[in-house]
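**Q** Input structure: run-v1.pdb, which contains PDB, C-alpha atoms, pLDDT in the B column.
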```pdb
ATOM      1  CA  MET A   1      -1.894  -2.670 -16.647  1.00 45.00           C
ATOM      2  CA  LEU A   2       1.509  -4.337 -16.412  1.00 53.00           C
ATOM      3  CA  SER A   3       1.450  -4.655 -12.616  1.00 60.00           C
ATOM      4  CA  LYS A   4      -1.995  -6.307 -12.549  1.00 72.00           C
ATOM      5  CA  GLY A   5      -3.745  -4.265  -9.879  1.00 78.00           C
ATOM      6  CA  GLY A   6      -1.437  -1.304  -9.595  1.00 80.00           C
ATOM      7  CA  THR A   7       1.950  -0.769  -8.052  1.00 83.00           C
ATOM      8  CA  HIS A   8       2.625  -1.644  -4.432  1.00 88.00           C
ATOM      9  CA  GLY A   9       4.239   1.727  -3.929  1.00 87.00           C
ATOM     10  CA  VAL A  10       4.929   5.050  -5.571  1.00 86.00           C
ATOM     11  CA  ILE A  11       7.840   7.321  -4.739  1.00 85.00           C
ATOM     12  CA  HIS A  12       6.584  10.806  -5.532  1.00 83.00           C
ATOM     13  CA  THR A  13       9.390  13.182  -6.509  1.00 80.00           C
ATOM     14  CA  ALA A  14       7.589  15.685  -8.750  1.00 78.00           C
ATOM     15  CA  PRO A  15       7.182  19.207  -7.322  1.00 77.00           C
ATOM     16  CA  ALA A  16       3.596  19.442  -8.566  1.00 79.00           C
ATOM     17  CA  LYS A  17       0.097  18.510  -7.400  1.00 81.00           C
ATOM     18  CA  GLN A  18      -1.261  16.576 -10.410  1.00 84.00           C
ATOM     19  CA  PRO A  19       1.326  13.759 -10.317  1.00 83.00           C
ATOM     20  CA  LEU A  20       0.456  13.170  -6.660  1.00 82.00           C
ATOM     21  CA  ILE A  21      -3.250  12.881  -7.443  1.00 83.00           C
ATOM     22  CA  GLU A  22      -2.389  10.416 -10.205  1.00 85.00           C
ATOM     23  CA  ALA A  23      -0.069   8.419  -7.903  1.00 86.00           C
ATOM     24  CA  THR A  24      -2.918   7.755  -5.477  1.00 87.00           C
ATOM     25  CA  LYS A  25      -4.982   6.430  -8.392  1.00 87.00           C
ATOM     26  CA  TYR A  26      -2.218   4.166  -9.782  1.00 85.00           C
ATOM     27  CA  VAL A  27      -1.246   2.539  -6.501  1.00 89.00           C
ATOM     28  CA  ARG A  28      -3.014  -0.740  -5.705  1.00 91.00           C
ATOM     29  CA  ILE A  29      -5.372  -1.382  -2.802  1.00 93.00           C
ATOM     30  CA  ARG A  30      -3.357  -1.105   0.438  1.00 94.00           C
ATOM     31  CA  GLY A  31      -0.519   0.488  -1.523  1.00 92.00           C
ATOM     32  CA  THR A  32       1.748   3.276  -0.307  1.00 93.00           C
ATOM     33  CA  VAL A  33       2.620   6.664  -1.765  1.00 91.00           C
ATOM     34  CA  VAL A  34       5.820   8.153  -0.343  1.00 90.00           C
ATOM     35  CA  LEU A  35       6.239  11.915  -0.706  1.00 87.00           C
ATOM     36  CA  LEU A  36       9.817  13.089  -1.195  1.00 81.00           C
ATOM     37  CA  SER A  37       9.235  16.348  -3.032  1.00 78.00           C
ATOM     38  CA  LEU A  38       8.746  19.651  -1.255  1.00 76.00           C
ATOM     39  CA  PRO A  39       6.650  21.789  -3.617  1.00 76.00           C
ATOM     40  CA  LYS A  40       5.752  25.266  -2.406  1.00 77.00           C
ATOM     41  CA  ASN A  41       2.152  26.140  -1.562  1.00 82.00           C
ATOM     42  CA  ILE A  42       0.653  22.810  -2.723  1.00 81.00           C
ATOM     43  CA  SER A  43      -1.629  20.596  -0.650  1.00 81.00           C
ATOM     44  CA  ILE A  44      -1.820  16.837  -1.095  1.00 82.00           C
ATOM     45  CA  GLY A  45      -5.183  16.894  -2.899  1.00 78.00           C
ATOM     46  CA  ALA A  46      -5.863  13.146  -2.717  1.00 84.00           C
ATOM     47  CA  ASP A  47      -9.463  11.961  -2.926  1.00 87.00           C
ATOM     48  CA  ILE A  48     -10.348  11.148   0.705  1.00 90.00           C
ATOM     49  CA  PHE A  49     -13.091   8.618  -0.071  1.00 93.00           C
ATOM     50  CA  ASP A  50     -10.868   6.704  -2.501  1.00 90.00           C
ATOM     51  CA  THR A  51      -7.872   6.857  -0.126  1.00 91.00           C
ATOM     52  CA  VAL A  52      -9.895   5.451   2.795  1.00 94.00           C
ATOM     53  CA  THR A  53     -11.851   2.775   0.929  1.00 94.00           C
ATOM     54  CA  ARG A  54      -8.727   1.500  -0.846  1.00 93.00           C
ATOM     55  CA  ALA A  55      -6.668   1.715   2.394  1.00 95.00           C
ATOM     56  CA  ILE A  56      -3.923   3.738   0.707  1.00 94.00           C
ATOM     57  CA  THR A  57      -1.065   4.951   2.877  1.00 94.00           C
ATOM     58  CA  ILE A  58       0.410   8.373   2.118  1.00 92.00           C
ATOM     59  CA  ARG A  59       3.705   9.016   3.912  1.00 92.00           C
ATOM     60  CA  GLY A  60       6.211  11.789   3.942  1.00 88.00           C
ATOM     61  CA  SER A  61       9.922  11.101   4.093  1.00 81.00           C
ATOM     62  CA  TYR A  62      12.447  13.841   4.622  1.00 76.00           C
ATOM     63  CA  VAL A  63      15.737  12.245   3.710  1.00 67.00           C
ATOM     64  CA  GLY A  64      18.370  14.294   1.981  1.00 69.00           C
ATOM     65  CA  ASN A  65      17.540  16.836  -0.681  1.00 74.00           C
ATOM     66  CA  ARG A  66      16.501  16.812  -4.325  1.00 74.00           C
ATOM     67  CA  ILE A  67      20.037  16.078  -5.503  1.00 84.00           C
ATOM     68  CA  ASP A  68      20.253  13.078  -3.132  1.00 80.00           C
ATOM     69  CA  THR A  69      16.921  11.811  -4.466  1.00 75.00           C
ATOM     70  CA  ASP A  70      18.064  12.157  -8.083  1.00 85.00           C
ATOM     71  CA  GLU A  71      21.268  10.252  -7.270  1.00 85.00           C
ATOM     72  CA  ALA A  72      19.370   7.448  -5.505  1.00 79.00           C
ATOM     73  CA  LEU A  73      16.968   7.035  -8.433  1.00 82.00           C
ATOM     74  CA  ALA A  74      19.944   7.020 -10.818  1.00 88.00           C
ATOM     75  CA  PHE A  75      21.458   4.077  -8.884  1.00 82.00           C
ATOM     76  CA  PHE A  76      18.246   2.151  -9.428  1.00 78.00           C
ATOM     77  CA  ALA A  77      18.031   3.125 -13.112  1.00 85.00           C
ATOM     78  CA  ARG A  78      21.592   1.855 -13.683  1.00 89.00           C
ATOM     79  CA  GLY A  79      20.725  -1.474 -12.071  1.00 83.00           C
ATOM     80  CA  GLN A  80      23.003  -0.888  -9.086  1.00 79.00           C
ATOM     81  CA  ILE A  81      20.208  -1.738  -6.640  1.00 74.00           C
ATOM     82  CA  GLN A  82      18.992  -5.311  -6.740  1.00 72.00           C
ATOM     83  CA  SER A  83      15.858  -6.587  -5.019  1.00 71.00           C
ATOM     84  CA  LEU A  84      15.831 -10.211  -3.977  1.00 79.00           C
ATOM     85  CA  ILE A  85      12.405 -11.288  -5.187  1.00 83.00           C
ATOM     86  CA  GLN A  86      11.306 -14.788  -6.108  1.00 88.00           C
ATOM     87  CA  ILE A  87       8.105 -15.312  -8.089  1.00 91.00           C
ATOM     88  CA  ARG A  88       6.713 -18.671  -7.085  1.00 93.00           C
ATOM     89  CA  GLY A  89       3.559 -20.624  -7.727  1.00 93.00           C
ATOM     90  CA  LEU A  90       0.638 -21.047  -5.369  1.00 91.00           C
ATOM     91  CA  THR A  91       1.452 -24.754  -5.112  1.00 92.00           C
ATOM     92  CA  GLU A  92       4.742 -23.789  -3.435  1.00 93.00           C
ATOM     93  CA  LEU A  93       3.015 -21.936  -0.599  1.00 91.00           C
ATOM     94  CA  PRO A  94       3.618 -24.630   2.067  1.00 93.00           C
ATOM     95  CA  GLN A  95       7.316 -24.696   1.151  1.00 95.00           C
ATOM     96  CA  ILE A  96       7.489 -20.889   1.312  1.00 92.00           C
ATOM     97  CA  PHE A  97       5.996 -20.944   4.830  1.00 89.00           C
ATOM     98  CA  ASP A  98       8.501 -23.626   5.857  1.00 91.00           C
ATOM     99  CA  GLU A  99      11.370 -21.502   4.522  1.00 91.00           C
ATOM    100  CA  MET A 100      10.031 -18.464   6.388  1.00 85.00           C
ATOM    101  CA  SER A 101       9.713 -20.457   9.635  1.00 86.00           C
ATOM    102  CA  ASN A 102      13.212 -21.925   9.255  1.00 87.00           C
ATOM    103  CA  GLY A 103      14.753 -18.582   8.342  1.00 84.00           C
ATOM    104  CA  THR A 104      15.983 -19.919   4.998  1.00 90.00           C
ATOM    105  CA  LEU A 105      13.854 -17.771   2.687  1.00 87.00           C
ATOM    106  CA  ILE A 106      16.152 -15.342   0.916  1.00 85.00           C
ATOM    107  CA  GLY A 107      14.573 -12.009  -0.023  1.00 82.00           C
ATOM    108  CA  ARG A 108      10.837 -11.894  -0.643  1.00 82.00           C
ATOM    109  CA  ALA A 109       8.542 -14.459  -2.160  1.00 88.00           C
ATOM    110  CA  VAL A 110       5.775 -13.240  -4.446  1.00 88.00           C
ATOM    111  CA  VAL A 111       3.063 -15.835  -4.952  1.00 90.00           C
ATOM    112  CA  ASP A 112       1.652 -15.955  -8.481  1.00 89.00           C
ATOM    113  CA  ILE A 113      -1.795 -17.532  -8.168  1.00 85.00           C
ATOM    114  CA  GLU A 114      -1.740 -18.440 -11.853  1.00 83.00           C
ATOM    115  CA  LYS A 115       1.281 -20.768 -11.457  1.00 77.00           C
TER     116      LYS A 115
END
```
Rewrite the coordinates I just gave you, this time as structure tokens.
**A**
Amino acid sequence: MLSKGGTHGVIHTAPAKQPLIEATKYVRIRGTVVLLSLPKNISIGADIFDTVTRAITIRGSYVGNRIDTDEALAFFARGQIQSLIQIRGLTELPQIFDEMSNGTLIGRAVVDIEK
């Protein structure tokens, strides 16, 4: 898997049950699934044991409508939303903590234990 452990989060926009069940399987341990779709007469259907033991968070978010969601995802697809993420090596961990303490860390630091 490209993300090595699953995605940190899934934004669920499909108006169907099966993609939601799959989203809870793809998300990593302690990951989050955010529900934006409003399908009629469909329950969540996530495996309770798996959700609890993997500490998965399932959240609902009622912001805008389906057109707003499509437009927001289109911004991301066009590269108009940039995330400030630095991938740094484990050896840089003390420096990362110093930057966090000093308020000089810009964006988020992702520690790659293989570097």
**Q** Could you please determine the separation between atom CA of A:Ile29 and atom CA of A:Glu99 in Å, to one decimal place?
**A** 27.2 Å
**Q** Would you kindly translate the PyMOL selection byres ((chain A and resi 87) around 9) into the concrete residues it picks from this file, as a PyMOL selection string?
**A** chain A and resi 85-86+88-89+108-112
**Q** Point out the residue among A:Val27, A:Ala74, A:Ile96, A:Leu36 with the least atom-to-atom distance to A:Thr51, counting all atoms listed in the file.
**A**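 Closest residue, counting all atoms listed in the file: A:Val27.
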**Q** Step by step, work through what the PyMOL selection byres ((chain A and resi 15-23) around 6) selects in the shown file, and finish by giving those residues as a list in words.
**A** Ala14, Thr24, Lys25, Tyr26, Ser37, Pro39 and Ala46 of chain A
**Q** Which distance in Å separates atom CA of A:Asn102 and atom CA of A:Gly9, to one decimal?
**A** 28.5 Å
**Q** Skip A:His8 itself and residues of its chain fewer than 6 positions away, then list as number ranges by chain all residues within 9 Å of it, counting all atoms listed in the file.
**A** A: 27-33
**Q** Could you state the separation of atom CA of A:Thr91 and atom CA of A:Lys115 in Å, given to one decimal place?
**A** 7.5 Å
